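S.K.: The structure under discussion is supplied below as structure tokens; questions concerning it will follow.
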2 protein chains.
Amino acid sequence: MSAARVLIIEDEPALLRGLKDNLENEGYEVRTANNGEKGLEALFNQPPDLLLLDLMLPKVNGYEICRAARKRGLEMPIIMLTAKGQEEDIVRGLELGADDYVTKPFGIRELLARVKALLRRNGAAPEYRFGRCRLDLTARRLFRDGTEVPLTAKEFRLLEFFVKRAGRALTRDSILDAVWGQEVMVTDRSVDRCVTTLRSKVEDEPHNPVLIRTIRDIGYRFEAL
Amino acid sequence: MSAARVLIIEDEPALLRGLKDNLENEGYEVRTANNGEKGLEALFNQPPDLLLLDLMLPKVNGYEICRAARKRGLEMPIIMLTAKGQEEDIVRGLELGADDYVTKPFGIRELLARVKALLRRNGAAPEYRFGRCRLDLTARRLFRDGTEVPLTAKEFRLLEFFVKRAGRALTRDSILDAVWGQEVMVTDRSVDRCVTTLRSKVEDEPHNPVLIRTIRDIGYRFEAL
DNA sequence: CATCCACGTAATAATGCGGTAACAAAACAA
DNA sequence: TTGTTTTGTTACCGCATTATTACGTGGATG
């Protein structure tokens, strides 16, 4: 499953590194910025699913980022990182649209628990990209060049299976087991047929597939390009 | 906009009174319970927009209430009230679905800021718009082109569930669990039937639904259009 | 070069899911 | 109680989806 994306805006290198490592350990996709300017850029460029935001930053401070984000309609949860004894700032931050805060120095376990809780609240969307496509598992939708491509149930399950195992060779048997279920008796041909329709919806040249490649005598391999 | 409703479950009378007064001062509609049993009853009877929950309670403790609420599909933010030095309990509470906590003794200003922040998160106005409709969760009323459309209890719970998860694919099972409750045995068909009546009240063309779309083999997806 | 075999896919047939009407039961109100 | 509204179930139909069959194609192999 593609992980929820977290953006950390923090200027203290050691802390930044520690946060990044810990979050990545938990399976999140982490991007970082070490000042407010870069932070804003990253925030608007690729809005994350959650923002960890230091309040005291060079150039652009945390409040402005917070306000800018909400003004722009970004709704992801924001956790502020504050130094001790900034109670007034905390209240101000929460009023500007932040969701939570932790006071430095903080326990990493507590922070992780908060991140987890807030992300679950928001139902963080695992989303895969390949070719010109975007696959949204939460909404169960496939987009190609931004427009939706309708998938049938089987097609969707198959694509999901592929995407989650990108780069690995998959035998028809394993595909049948996972997508069709081991109880039913279905021909190999059915897999092929489903692959064909998938290709027609996903590939640029369905007859020269580059995303779903066939491996003779084995099955298929999905490439996350 | 009618006021957001807050439920306080707290057994210490003085604290309870103080919280109630302060929150009412801020314009919230407050109900209270002084033990876990009454708390659960109030919670399920008339789900509030936010829950203030003491962890240490006679009869039923805060964790159980928290878990029970989430299990029942209640999504309102929960703020835990904890005694000092219960860090482990805090983590546990957050994992059970709580959103935030304050440690006693706490500043009332801080608490109010958090209440405000969490309520805003949940939708500044507890009012949703989609299609030609306006749904007022606080008043529990649906309007279409300005005139009220009566909803039955089930219909309302279902619509509320949909609206709060707009854009996400929802399985019939999750719908059954959340709207009907996991204890009862109800058929998938019942969901369909309820969806049909909802569509007739909400959609422009009930036979070409655009708000409540069916996802074959899965369930439904509500689009906030 | 000829053969073989696995894969691709069109056409067709079968399946099963969801919509909904009609009925039954349950909850609720008077 | 009795009547009324809401809620759940059954049954059936229509239709999209899915499987199969059949055949074509191309690449590998000796």
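Here, A, B, ... name the chains of the structure tokens in the order displayed, residue numbers run from 1 inside each chain, and ligands are numbered from 1 in the same displayed order.
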For chain B, list the residues within 9 Å of chain D, counting only C-alpha atoms (C1' of nucleotides), and write the list as a PyMOL selection string.
M.R.: chain B and resi 152-154+186-187+189-190
S.K.: Select residues of chain A: the criterion is any atom within 8 Å of an atom of chain B, counting only C-alpha atoms; output as a PyMOL selection string.
M.R.: chain A and resi 91+94-95+97-100+109-110+113-114+116-118+138-140+152-153
S.K.: Could you write those residues out with C-alpha atoms, as a short mmCIF file (atom, residue, chain, number, x, y, z; two decimals), in the first residue's frame?
M.R.:
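Saved the output as again.cif:
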data_model
loop_
_atom_site.label_atom_id
_atom_site.label_comp_id
_atom_site.auth_asym_id
_atom_site.auth_seq_id
_atom_site.Cartn_x
_atom_site.Cartn_y
_atom_site.Cartn_z
CA VAL A 91 -3.66 28.91 21.07
CA LEU A 94 -4.92 26.27 16.79
CA GLU A 95 -7.07 29.24 15.93
CA GLY A 97 -6.36 26.08 11.67
CA ALA A 98 -3.76 23.80 13.17
CA ASP A 99 -5.09 20.57 14.61
CA ASP A 100 -2.66 19.62 17.29
CA ARG A 109 5.99 7.71 20.57
CA GLU A 110 3.50 10.36 21.44
CA ALA A 113 0.44 8.22 17.95
CA ARG A 114 -0.89 11.65 17.09
CA LYS A 116 -1.55 8.04 13.26
CA ALA A 117 -4.75 9.26 14.89
CA LEU A 118 -5.03 12.31 12.68
CA THR A 138 -9.92 4.86 -1.47
CA ALA A 139 -12.38 6.21 -3.99
CA ARG A 140 -11.92 3.14 -6.16
CA THR A 152 -15.25 -3.13 -13.76
CA ALA A 153 -14.91 -4.92 -10.46
#
S.K.: Using Å and a single decimal, report how far CA of Val210 (chain B) sits from CA of Val149 (chain A).
M.R.: 16.0 Å
S.K.: I'd like the neighbourhood of Val191 (chain A) as an NGL selection string, where a residue qualifies if any of its atoms comes within 9 Å (using only C-alpha atoms (C1' of nucleotides)), though same-chain residues fewer than 3 positions away should be ignored.
M.R.: :A and (158 or 172 or 175-176 or 186-188 or 194-196)
S.K.: Output the selection as an mmCIF file, in the first residue's frame - N, CA and C atoms for each residue.
M.R.:
data_model
loop_
_atom_site.group_PDB
_atom_site.id
_atom_site.type_symbol
_atom_site.label_atom_id
_atom_site.label_comp_id
_atom_site.auth_asym_id
_atom_site.auth_seq_id
_atom_site.Cartn_x
_atom_site.Cartn_y
_atom_site.Cartn_z
ATOM 1 N N LEU A 158 -7.834 -6.698 -10.282
ATOM 2 C CA LEU A 158 -6.609 -7.121 -10.946
ATOM 3 C C LEU A 158 -5.573 -6.005 -10.948
ATOM 4 N N ARG A 172 0.120 -16.854 -13.393
ATOM 5 C CA ARG A 172 -1.334 -16.823 -13.557
ATOM 6 C C ARG A 172 -2.017 -17.459 -12.352
ATOM 7 N N ILE A 175 -2.273 -15.048 -9.583
ATOM 8 C CA ILE A 175 -3.259 -14.035 -9.938
ATOM 9 C C ILE A 175 -4.670 -14.581 -9.754
ATOM 10 N N LEU A 176 -4.874 -15.792 -10.220
ATOM 11 C CA LEU A 176 -6.192 -16.403 -10.082
ATOM 12 C C LEU A 176 -6.576 -16.526 -8.617
ATOM 13 N N VAL A 186 -11.492 -21.282 -12.916
ATOM 14 C CA VAL A 186 -11.496 -20.354 -14.029
ATOM 15 C C VAL A 186 -10.285 -20.653 -14.906
ATOM 16 N N THR A 187 -10.460 -20.434 -16.171
ATOM 17 C CA THR A 187 -9.395 -20.715 -17.124
ATOM 18 C C THR A 187 -8.330 -19.632 -17.091
ATOM 19 N N ASP A 188 -7.133 -20.012 -17.536
ATOM 20 C CA ASP A 188 -6.086 -19.019 -17.687
ATOM 21 C C ASP A 188 -6.522 -17.925 -18.655
ATOM 22 N N CYS A 194 -8.931 -10.375 -19.200
ATOM 23 C CA CYS A 194 -9.014 -9.232 -18.289
ATOM 24 C C CYS A 194 -7.799 -8.321 -18.461
ATOM 25 N N VAL A 195 -6.653 -8.951 -18.655
ATOM 26 C CA VAL A 195 -5.441 -8.164 -18.883
ATOM 27 C C VAL A 195 -5.592 -7.320 -20.147
ATOM 28 N N THR A 196 -6.151 -7.935 -21.164
ATOM 29 C CA THR A 196 -6.345 -7.194 -22.409
ATOM 30 C C THR A 196 -7.165 -5.922 -22.191
#
S.K.: Could you give the C-alpha RMSD in Å for chain A superposed on chain B, pairing all atoms in order?
M.R.: 15.6 Å
